[in-house]
Protein chains: 2
Amino acid sequence: MTTPTRSGLQLRSTVKRDGLLELSLADVPIPDPKPDEVVVRIEASPINPSDLGLLFAGADMSTAKASGAPDRPVVTASIGPQMLRAAAGRVDQPMPVGNEGAGVVVSAGSSPAAQALLGKTVAVLGSAMYAQYRAIKALNCLVLPENTTPAEGASCFVNPLTAIGMVETMRREGHTALVHTAAASNLGQMLVKLCNAEGIGLVNVVRKPEQVALLNSIGARHVCNMSAPTFMDDLTNALVETGATLAFDAIGGGTQAGQILTCMERAASRGAKEYSRYGSTTHKQVYIYGGLDRGPTEFNRAFGMAWGIGGWLLTSFLQKVGPEAAQKLRERVAREIKTTFASTYTKEVSLAEALRLEEIAVYGKQATGEKYLINPNKGLH
Amino acid sequence: MTTPTRSGLQLRSTVKRDGLLELSLADVPIPDPKPDEVVVRIEASPINPSDLGLLFAGADMSTAKASGAPDRPVVTASIGPQMLRAAAGRVDQPMPVGNEGAGVVVSAGSSPAAQALLGKTVAVLGSAMYAQYRAIKALNCLVLPENTTPAEGASCFVNPLTAIGMVETMRREGHTALVHTAAASNLGQMLVKLCNAEGIGLVNVVRKPEQVALLNSIGARHVCNMSAPTFMDDLTNALVETGATLAFDAIGGGTQAGQILTCMERAASRGAKEYSRYGSTTHKQVYIYGGLDRGPTEFNRAFGMAWGIGGWLLTSFLQKVGPEAAQKLRERVAREIKTTFASTYTKEVSLAEALRLEEIAVYGKQATGEKYLINPNKGLH
């Protein structure tokens with residue numbers, strides 16, 4: 001079975017040689033699926049922090065200008081020299097954007113696996129999800145349970161698998177409890193539910209009192225507010241209570257990774273009988289998995305010698321566990337997509353709406369509780 | 001066999017509750033050795049950077065004041081609030097200082113192992129080596145080859161085992177070449193000789209042109225000067241040539257750990273065909289093993305997601321390899337103490353001379369090429 005050649009819109013991000021970022025919508029032909037492929041009509045795709053790096057290419061979005069027609073908007077913005085250097089590998093290549101999404105299979109290749117998906121609502125991970133249609137291998141489709149909408153299934157991969165990956169990394173590296181920053185995010189809320197379900201101690205670090213209340217309301221036991229004057233003591237106490245020696249940090253820039261290590265060291269040294277000039281021998285680890293603050297990371301090493309800070313990337317984790325284990329994790333997410341791994345969104349926008357400057361100004365901030373969902377087919381059928 | 005009760009001088013560092021550091025010499029009885037112990041008359045003990053943390057306790061040595069008699073000097077200096085907090089565990093406890101040294105066994109306990117060492121020149125690792133006499137288990141003495149002086153054998157442990165530990169860590173963690181900062185130090189020169197002997201690529205990072213010349217003169221193949229305007233390109237080229245993805249950094253504070261990761265990422269991405277928004281998948285690691293710059297560490301994360309920065313401590317490495325392997329490493333050092341693992345010193349001082357303000361001002365800087373050796377028995381027999 002093939003689809004008649006039609007076209008669909010696809011959002012594209014291009015870094016021009018002169019240092020200008022251009023965001024636009026392109027009309028691209030809907031591909032004929034190969035035997036092992038299906039074509040998914042994408043009806044929901046989240047704007048994750050991990051999408052914004054590719055989308056904005058480090059451009060200064062306060063310089064953004066709008067042009068083009070209302071249904072074919074074009075946005076341009078300036079990229080600074082350092083960011084332009086980092087983006088050298090993608091200059092003048094229009095990049096499609098969007099890591100994950102969900103929709104309905106509208107055509108399928110000849111293989112039985114592909115045919116079996118026709119008409120099903122599936123979640124998909126890959127790239128180029130900010131598009132009306134996306135051809136993808138049947139193997140890479142996660143069939144959502146009956147009565148699950150694309151909006152409910154749009155975030156099956158990045159956040160849920162990251163939450164699971166944090167817990168699994170904790171176990172593999174010999175830690176017994178976790179710290180998480182920017183903990184009021186969709187991901188953070190999933191992690192609260194996941195850790196509660198699995199009996200794992202979790203210390204949630206947030207920036208605002210209302211986020212403390214939100215997390216307490218969904219069952220979080222340890223929530224520390226970075227803005228409170230007692231933060232370092234609060235965090236140290238929570239670390240003593242949970243025994244957490246591993247943190248996942250979404251912020252990246254600034255001093256909080258070092259503050260967490262400092263508090264972990266204080267917790268590890270509490271009750272130590274003898275002075276040790278090299279600090280505790282307990283290994284303390286922070287993984288930076290996001291970059292909500294793009295500024296430099298700074299720390300003063302007031303935490304002995306047994307410490308590490310490193311990058312953590314979901315795709316590297318999934319490669320480490322292997323395809324079979326990863327598939328089991330995905331199936332678990334599908335089963336619990338309305339409970340443990342449920343997401344909430346502030347707003348649903350079309351592709352054209354996603355390129356309005358006033359919307360960019362909101363979702364570009366990556367503020368907790370301002371999460372957008374793109375529906376590439378909104379208003380187009 | 002026992003020694004008649006006499007006393008010997010021991011250098012002590014005390015943090016007073018009011019935030020004052022006090023350095024002084026104490027008369028302590030020479031202990032009777034237990035059956036498995038010997039007493040070593042220490043004749044040479046280096047002032048390593050790793051000794052200065054315990055010695056100065058983070059005090060601001062520009063505030064140092066001298067008092068006491070010429071043969072019993074006392075030095076006091078102020079400790080800032082942050083450092084005082086870090087030193088809380090040692091307040092009002094006089095701490096003996098000195099990690100390693102060498103000397104002659106002057107008395108021995110009854111065990112055959114102890115008796116066998118009488119009159120031998122041995123190297124010892126432990127603490128409290130800035131002292132005329134030190135009782136220590138026979139097991140912990142490394143007998144030096146014939147015709148080796150205590151001065152030649154004074155640095156058998158910290159620097160040589162650190163150099164070996166770096167190479168061994170490289171192998172265990174799957175890297176094939178190394179980067180080393182502050183590379184013109186005694187340790188750095190050992191590492192040059194060790195890596196040449198074992199055919200390992202080594203990128204030496206220094207701060208001054210004369211250090212480039214020094215390292216080239218002993219056979220270093222890749223030396224990059226941080227002060228050169230072409231440093232980042234020089235380092236990247238050396239990383240491409242050697243394939244080094246692991247660095248050991250003696251400096252700690254500042255931006256160079258991040259610069260090394262940035263250059264490693266550029267080296268790993270050189271020739272990459274496809275743009276990867278998360279950077280290369282090559283794991284890049286920097287271990288901070290020293291703190292020549294006590295200021296904060298700062299980096300901008302312009303090196304993808306596959307990276308790590310962490311503390312590295314010799315004692316943790318030796319615990320990891322186990323006592324048998326560690327003993328073999330020590331015996332190798334003893335065999336090569338006049339060649340691969342030879343050290344050089346600027347000056348030999350007595351315990352009293354080590355507490356002169358003008359000497360503290362020199363060795364306290366930890367400048368490369370300003371290394372001191374303490375001879376606790378200098379001028380006392």
# chains A, B, ... in the order shown; residues from 1 in each chain; ligands from 1
$ residues_around --residues "Leu292 (chain B)" --least-positions-apart "2" --cutoff "8 Å" --atoms "only C-alpha atoms" --output "list in words"
Pro49, Ala250, Ile251, Gly252, Gly253, Gly290, Arg294 and Gln366 of chain B
$ write_last_selection --atoms "N, CA and C atoms" --output "PDB file, in the first residue's frame"
ATOM      1  N   PRO B  49      53.489  19.394  47.376  1.00  0.00           N
ATOM      2  CA  PRO B  49      52.225  20.131  47.424  1.00  0.00           C
ATOM      3  C   PRO B  49      51.195  19.429  48.312  1.00  0.00           C
ATOM      4  N   ALA B 250      47.066  19.153  37.866  1.00  0.00           N
ATOM      5  CA  ALA B 250      47.611  19.470  39.191  1.00  0.00           C
ATOM      6  C   ALA B 250      47.114  20.814  39.697  1.00  0.00           C
ATOM      7  N   ILE B 251      46.485  21.597  38.832  1.00  0.00           N
ATOM      8  CA  ILE B 251      46.194  22.991  39.146  1.00  0.00           C
ATOM      9  C   ILE B 251      44.848  23.126  39.864  1.00  0.00           C
ATOM     10  N   GLY B 252      43.821  22.483  39.332  1.00  0.00           N
ATOM     11  CA  GLY B 252      42.519  22.464  40.003  1.00  0.00           C
ATOM     12  C   GLY B 252      41.680  23.683  39.702  1.00  0.00           C
ATOM     13  N   GLY B 253      42.075  24.847  40.218  1.00  0.00           N
ATOM     14  CA  GLY B 253      41.292  26.043  39.991  1.00  0.00           C
ATOM     15  C   GLY B 253      41.496  26.611  38.598  1.00  0.00           C
ATOM     16  N   GLY B 290      45.581  17.748  42.162  1.00  0.00           N
ATOM     17  CA  GLY B 290      46.267  18.744  42.973  1.00  0.00           C
ATOM     18  C   GLY B 290      45.455  20.022  43.039  1.00  0.00           C
ATOM     19  N   ARG B 294      44.054  27.373  44.218  1.00  0.00           N
ATOM     20  CA  ARG B 294      42.991  27.033  45.149  1.00  0.00           C
ATOM     21  C   ARG B 294      41.655  27.667  44.784  1.00  0.00           C
ATOM     22  N   GLN B 366      54.754  26.937  45.839  1.00  0.00           N
ATOM     23  CA  GLN B 366      54.682  25.706  45.050  1.00  0.00           C
ATOM     24  C   GLN B 366      55.074  25.943  43.605  1.00  0.00           C
TER      25      GLN B 366
END
$ select_by_dssp --residues "region 175-359 of chain B" --states "helix (DSSP H, G or I)" --output "count of residues only"
76
$ residues_around --residues "Leu314 (chain B)" --least-positions-apart "6" --cutoff "12 Å" --atoms "only C-alpha atoms" --output "number ranges by chain"
A: 278, 305-306; B: 50, 157-166, 168-169, 287-290, 320-321, 326
$ write_last_selection --atoms "N, CA, C and O atoms" --output "PDB file, in the first residue's frame"
ATOM      1  N   TYR A 278      41.926  14.608  53.263  1.00  0.00           N
ATOM      2  CA  TYR A 278      41.452  14.469  51.885  1.00  0.00           C
ATOM      3  C   TYR A 278      39.940  14.275  51.822  1.00  0.00           C
ATOM      4  O   TYR A 278      39.403  13.927  50.791  1.00  0.00           O
ATOM      5  N   MET A 305      38.336  14.572  47.797  1.00  0.00           N
ATOM      6  CA  MET A 305      38.906  14.111  46.534  1.00  0.00           C
ATOM      7  C   MET A 305      38.043  13.052  45.852  1.00  0.00           C
ATOM      8  O   MET A 305      38.275  12.706  44.702  1.00  0.00           O
ATOM      9  N   ALA A 306      37.060  12.494  46.582  1.00  0.00           N
ATOM     10  CA  ALA A 306      36.260  11.405  46.013  1.00  0.00           C
ATOM     11  C   ALA A 306      34.983  11.967  45.391  1.00  0.00           C
ATOM     12  O   ALA A 306      33.901  11.876  45.967  1.00  0.00           O
TER      13      ALA A 306
ATOM     14  N   SER B  50      51.213  18.094  48.315  1.00  0.00           N
ATOM     15  CA  SER B  50      50.234  17.370  49.126  1.00  0.00           C
ATOM     16  C   SER B  50      50.509  17.496  50.622  1.00  0.00           C
ATOM     17  O   SER B  50      49.658  17.158  51.440  1.00  0.00           O
ATOM     18  N   PHE B 157      57.668   7.669  47.041  1.00  0.00           N
ATOM     19  CA  PHE B 157      56.268   7.248  47.047  1.00  0.00           C
ATOM     20  C   PHE B 157      55.357   8.210  46.307  1.00  0.00           C
ATOM     21  O   PHE B 157      54.791   7.879  45.270  1.00  0.00           O
ATOM     22  N   VAL B 158      55.210   9.425  46.853  1.00  0.00           N
ATOM     23  CA  VAL B 158      54.143  10.307  46.379  1.00  0.00           C
ATOM     24  C   VAL B 158      54.258  10.552  44.876  1.00  0.00           C
ATOM     25  O   VAL B 158      53.351  10.211  44.107  1.00  0.00           O
ATOM     26  N   ASN B 159      55.404  11.119  44.429  1.00  0.00           N
ATOM     27  CA  ASN B 159      55.524  11.405  43.004  1.00  0.00           C
ATOM     28  C   ASN B 159      55.652  10.150  42.135  1.00  0.00           C
ATOM     29  O   ASN B 159      54.917  10.015  41.164  1.00  0.00           O
ATOM     30  N   PRO B 160      56.563   9.225  42.460  1.00  0.00           N
ATOM     31  CA  PRO B 160      56.694   8.051  41.583  1.00  0.00           C
ATOM     32  C   PRO B 160      55.406   7.236  41.476  1.00  0.00           C
ATOM     33  O   PRO B 160      55.000   6.843  40.374  1.00  0.00           O
ATOM     34  N   LEU B 161      54.747   6.990  42.627  1.00  0.00           N
ATOM     35  CA  LEU B 161      53.530   6.175  42.561  1.00  0.00           C
ATOM     36  C   LEU B 161      52.397   6.927  41.879  1.00  0.00           C
ATOM     37  O   LEU B 161      51.536   6.333  41.240  1.00  0.00           O
ATOM     38  N   THR B 162      52.391   8.260  42.001  1.00  0.00           N
ATOM     39  CA  THR B 162      51.384   9.051  41.291  1.00  0.00           C
ATOM     40  C   THR B 162      51.605   8.928  39.782  1.00  0.00           C
ATOM     41  O   THR B 162      50.654   8.711  39.021  1.00  0.00           O
ATOM     42  N   ALA B 163      52.862   9.031  39.343  1.00  0.00           N
ATOM     43  CA  ALA B 163      53.152   8.887  37.908  1.00  0.00           C
ATOM     44  C   ALA B 163      52.721   7.512  37.406  1.00  0.00           C
ATOM     45  O   ALA B 163      52.034   7.390  36.379  1.00  0.00           O
ATOM     46  N   ILE B 164      53.095   6.479  38.161  1.00  0.00           N
ATOM     47  CA  ILE B 164      52.694   5.129  37.770  1.00  0.00           C
ATOM     48  C   ILE B 164      51.171   4.988  37.821  1.00  0.00           C
ATOM     49  O   ILE B 164      50.558   4.377  36.940  1.00  0.00           O
ATOM     50  N   GLY B 165      50.560   5.583  38.854  1.00  0.00           N
ATOM     51  CA  GLY B 165      49.102   5.508  38.999  1.00  0.00           C
ATOM     52  C   GLY B 165      48.364   6.151  37.836  1.00  0.00           C
ATOM     53  O   GLY B 165      47.310   5.689  37.409  1.00  0.00           O
ATOM     54  N   MET B 166      48.924   7.233  37.304  1.00  0.00           N
ATOM     55  CA  MET B 166      48.298   7.887  36.150  1.00  0.00           C
ATOM     56  C   MET B 166      48.311   6.957  34.939  1.00  0.00           C
ATOM     57  O   MET B 166      47.295   6.812  34.243  1.00  0.00           O
ATOM     58  N   GLU B 168      48.619   3.694  34.967  1.00  0.00           N
ATOM     59  CA  GLU B 168      47.785   2.517  35.234  1.00  0.00           C
ATOM     60  C   GLU B 168      46.290   2.878  35.132  1.00  0.00           C
ATOM     61  O   GLU B 168      45.491   2.114  34.583  1.00  0.00           O
ATOM     62  N   THR B 169      45.901   4.051  35.629  1.00  0.00           N
ATOM     63  CA  THR B 169      44.511   4.507  35.515  1.00  0.00           C
ATOM     64  C   THR B 169      44.122   4.646  34.044  1.00  0.00           C
ATOM     65  O   THR B 169      43.033   4.258  33.623  1.00  0.00           O
ATOM     66  N   TYR B 287      41.110  14.279  35.466  1.00  0.00           N
ATOM     67  CA  TYR B 287      41.187  14.069  36.902  1.00  0.00           C
ATOM     68  C   TYR B 287      42.016  15.185  37.517  1.00  0.00           C
ATOM     69  O   TYR B 287      43.136  15.451  37.080  1.00  0.00           O
ATOM     70  N   ILE B 288      41.443  15.834  38.525  1.00  0.00           N
ATOM     71  CA  ILE B 288      42.154  16.862  39.276  1.00  0.00           C
ATOM     72  C   ILE B 288      42.815  16.177  40.461  1.00  0.00           C
ATOM     73  O   ILE B 288      42.136  15.599  41.303  1.00  0.00           O
ATOM     74  N   TYR B 289      44.153  16.190  40.501  1.00  0.00           N
ATOM     75  CA  TYR B 289      44.842  15.500  41.599  1.00  0.00           C
ATOM     76  C   TYR B 289      45.592  16.468  42.504  1.00  0.00           C
ATOM     77  O   TYR B 289      46.182  16.057  43.495  1.00  0.00           O
ATOM     78  N   GLY B 290      45.581  17.748  42.162  1.00  0.00           N
ATOM     79  CA  GLY B 290      46.267  18.744  42.973  1.00  0.00           C
ATOM     80  C   GLY B 290      45.455  20.022  43.039  1.00  0.00           C
ATOM     81  O   GLY B 290      44.403  20.133  42.406  1.00  0.00           O
ATOM     82  N   LYS B 320      42.715   0.466  45.324  1.00  0.00           N
ATOM     83  CA  LYS B 320      42.058  -0.199  44.206  1.00  0.00           C
ATOM     84  C   LYS B 320      42.930  -1.335  43.647  1.00  0.00           C
ATOM     85  O   LYS B 320      42.426  -2.397  43.317  1.00  0.00           O
ATOM     86  N   VAL B 321      44.236  -1.083  43.514  1.00  0.00           N
ATOM     87  CA  VAL B 321      45.078  -2.134  42.917  1.00  0.00           C
ATOM     88  C   VAL B 321      45.420  -3.232  43.923  1.00  0.00           C
ATOM     89  O   VAL B 321      45.791  -4.339  43.525  1.00  0.00           O
ATOM     90  N   ALA B 326      50.610  -3.087  44.714  1.00  0.00           N
ATOM     91  CA  ALA B 326      51.219  -1.846  45.196  1.00  0.00           C
ATOM     92  C   ALA B 326      52.671  -2.084  45.621  1.00  0.00           C
ATOM     93  O   ALA B 326      53.549  -1.261  45.352  1.00  0.00           O
TER      94      ALA B 326
END
$ interface_residues --of "chain B" --to "chain A" --cutoff "7 Å" --atoms "only C-alpha atoms" --output "VMD selection string"
chain B and resid 54 89 to 90 275 277 295 to 300 305 to 313
$ residues_around --residues "Phe341 (chain A)" --least-positions-apart "2" --cutoff "12 Å" --atoms "only C-alpha atoms" --output "MDAnalysis selection string"
chainID A and resid 152:164 186:195 197 329:339 343:344
$ residues_around --residues "Met226 (chain A)" --least-positions-apart "3" --cutoff "8 Å" --atoms "only C-alpha atoms" --output "NGL selection string"
:A and (205-208 or 229 or 231)
$ write_last_selection --atoms "all heavy atoms" --output "compact mmCIF listing (two decimals), in the first residue's frame"
# COMPACT_ATOMS: atom_id res chain seq x y z
N VAL A 205 15.36 19.31 44.36
CA VAL A 205 15.84 20.67 44.53
C VAL A 205 15.06 21.57 43.57
O VAL A 205 15.03 21.30 42.36
CB VAL A 205 17.35 20.77 44.26
CG1 VAL A 205 17.83 22.21 44.35
CG2 VAL A 205 18.13 19.90 45.24
N VAL A 206 14.41 22.60 44.11
CA VAL A 206 13.62 23.53 43.31
C VAL A 206 14.04 24.96 43.64
O VAL A 206 14.91 25.19 44.49
CB VAL A 206 12.10 23.34 43.56
CG1 VAL A 206 11.67 21.93 43.16
CG2 VAL A 206 11.77 23.61 45.02
N ARG A 207 13.41 25.93 42.93
CA ARG A 207 13.79 27.32 43.13
C ARG A 207 12.74 28.18 43.82
O ARG A 207 13.00 29.32 44.18
CB ARG A 207 14.08 27.97 41.77
CG ARG A 207 15.42 27.66 41.20
CD ARG A 207 15.57 28.29 39.83
NE ARG A 207 16.77 27.80 39.17
CZ ARG A 207 18.00 28.29 39.35
NH1 ARG A 207 18.20 29.32 40.13
NH2 ARG A 207 19.02 27.76 38.72
N LYS A 208 11.49 27.65 43.89
CA LYS A 208 10.40 28.51 44.36
C LYS A 208 9.53 27.77 45.37
O LYS A 208 9.31 26.56 45.24
CB LYS A 208 9.51 28.92 43.18
CG LYS A 208 10.22 29.78 42.15
CD LYS A 208 9.30 30.04 40.97
CE LYS A 208 10.04 30.77 39.86
NZ LYS A 208 9.25 30.81 38.62
N PRO A 229 17.26 30.74 52.64
CA PRO A 229 18.58 31.00 53.25
C PRO A 229 19.15 29.75 53.93
O PRO A 229 20.35 29.64 54.13
CB PRO A 229 18.28 32.11 54.27
CG PRO A 229 16.80 32.10 54.46
CD PRO A 229 16.19 31.56 53.22
N PHE A 231 19.13 26.80 52.66
CA PHE A 231 19.22 25.74 51.63
C PHE A 231 20.33 24.72 51.89
O PHE A 231 20.10 23.51 51.85
CB PHE A 231 19.40 26.36 50.24
CG PHE A 231 19.70 25.34 49.18
CD1 PHE A 231 18.74 24.40 48.81
CD2 PHE A 231 20.95 25.29 48.56
CE1 PHE A 231 19.01 23.44 47.83
CE2 PHE A 231 21.23 24.34 47.59
CZ PHE A 231 20.26 23.41 47.22
$ residues_around --residues "region 123-130 of chain A" --least-positions-apart "2" --cutoff "9 Å" --atoms "only C-alpha atoms" --output "VMD selection string"
chain A and resid 9 to 12 40 42 44 to 46 95 to 104 121 132 to 134 136 140 to 144 150 153 to 158 334 351 374 to 376
$ residues_around --residues "Ala220 (chain B)" --least-positions-apart "4" --cutoff "9 Å" --atoms "only C-alpha atoms" --output "list in words"
Gln189, Val192, Lys193, Asn196, Leu202, Val203, Asn204, Val212, Leu214, Leu215 and Asn216 of chain B
$ atom_distance --atom1 "CA of Thr236 (chain B)" --atom2 "CA of Thr282 (chain B)"
14.8 Å
$ closest_residue --among "A:Leu84, A:Leu118, A:Leu380, A:Ile47" --to "Ala59 (chain A)" --atoms "only C-alpha atoms"
A:Leu84
$ atom_distance --atom1 "CA of Asp249 (chain B)" --atom2 "CA of Thr262 (chain B)"
14.5 Å
$ select_by_dssp --residues "region 43-113 of chain A" --states "strand (DSSP E)" --output "count of residues only"
32
$ decode --residues "region 280-303 of chain A" --atoms "N, CA and C atoms" --output "short mmCIF file (atom, residue, chain, number, x, y, z; two decimals), in the first residue's frame"
data_model
loop_
_atom_site.label_atom_id
_atom_site.label_comp_id
_atom_site.auth_asym_id
_atom_site.auth_seq_id
_atom_site.Cartn_x
_atom_site.Cartn_y
_atom_site.Cartn_z
N SER A 280 36.08 12.71 52.94
CA SER A 280 35.52 11.37 53.06
C SER A 280 35.93 10.52 51.87
N THR A 281 35.90 9.20 52.05
CA THR A 281 36.22 8.30 50.93
C THR A 281 34.96 7.91 50.16
N THR A 282 33.80 8.42 50.56
CA THR A 282 32.56 8.15 49.84
C THR A 282 32.58 8.86 48.49
N HIS A 283 32.38 8.12 47.41
CA HIS A 283 32.35 8.76 46.09
C HIS A 283 31.04 9.52 45.90
N LYS A 284 31.18 10.78 45.53
CA LYS A 284 30.05 11.68 45.34
C LYS A 284 30.02 12.09 43.87
N GLN A 285 28.87 11.95 43.23
CA GLN A 285 28.81 12.15 41.78
C GLN A 285 27.65 13.07 41.40
N VAL A 286 27.90 14.00 40.50
CA VAL A 286 26.83 14.80 39.89
C VAL A 286 26.89 14.58 38.38
N TYR A 287 25.78 14.20 37.78
CA TYR A 287 25.69 14.15 36.33
C TYR A 287 24.87 15.34 35.83
N ILE A 288 25.45 16.08 34.91
CA ILE A 288 24.74 17.20 34.29
C ILE A 288 24.07 16.66 33.02
N TYR A 289 22.74 16.69 32.99
CA TYR A 289 22.04 16.12 31.83
C TYR A 289 21.31 17.19 31.03
N GLY A 290 21.33 18.42 31.52
CA GLY A 290 20.64 19.50 30.83
C GLY A 290 21.45 20.78 30.92
N GLY A 291 20.95 21.83 30.28
CA GLY A 291 21.66 23.09 30.30
C GLY A 291 20.70 24.27 30.43
N LEU A 292 19.80 24.20 31.43
CA LEU A 292 18.83 25.30 31.60
C LEU A 292 19.58 26.61 31.81
N ASP A 293 20.71 26.57 32.46
CA ASP A 293 21.59 27.73 32.55
C ASP A 293 22.80 27.45 31.66
N ARG A 294 22.90 28.21 30.57
CA ARG A 294 23.97 27.97 29.61
C ARG A 294 25.31 28.54 30.04
N GLY A 295 25.31 29.29 31.14
CA GLY A 295 26.55 29.91 31.62
C GLY A 295 27.54 28.86 32.12
N PRO A 296 28.74 29.33 32.51
CA PRO A 296 29.76 28.39 32.97
C PRO A 296 29.39 27.69 34.28
N THR A 297 29.92 26.51 34.44
CA THR A 297 29.79 25.75 35.68
C THR A 297 30.96 26.15 36.57
N GLU A 298 30.69 26.38 37.85
CA GLU A 298 31.75 26.84 38.74
C GLU A 298 31.63 26.13 40.09
N PHE A 299 32.75 25.62 40.58
CA PHE A 299 32.72 24.98 41.90
C PHE A 299 34.06 25.15 42.58
N ASN A 300 34.04 25.08 43.93
CA ASN A 300 35.25 25.42 44.67
C ASN A 300 35.99 24.21 45.26
N ARG A 301 35.55 23.00 44.93
CA ARG A 301 36.25 21.77 45.34
C ARG A 301 36.38 21.65 46.86
N ALA A 302 35.37 22.12 47.58
CA ALA A 302 35.40 22.00 49.05
C ALA A 302 34.73 20.70 49.44
N PHE A 303 35.11 19.62 48.73
CA PHE A 303 34.39 18.36 49.00
C PHE A 303 35.32 17.15 48.86
#
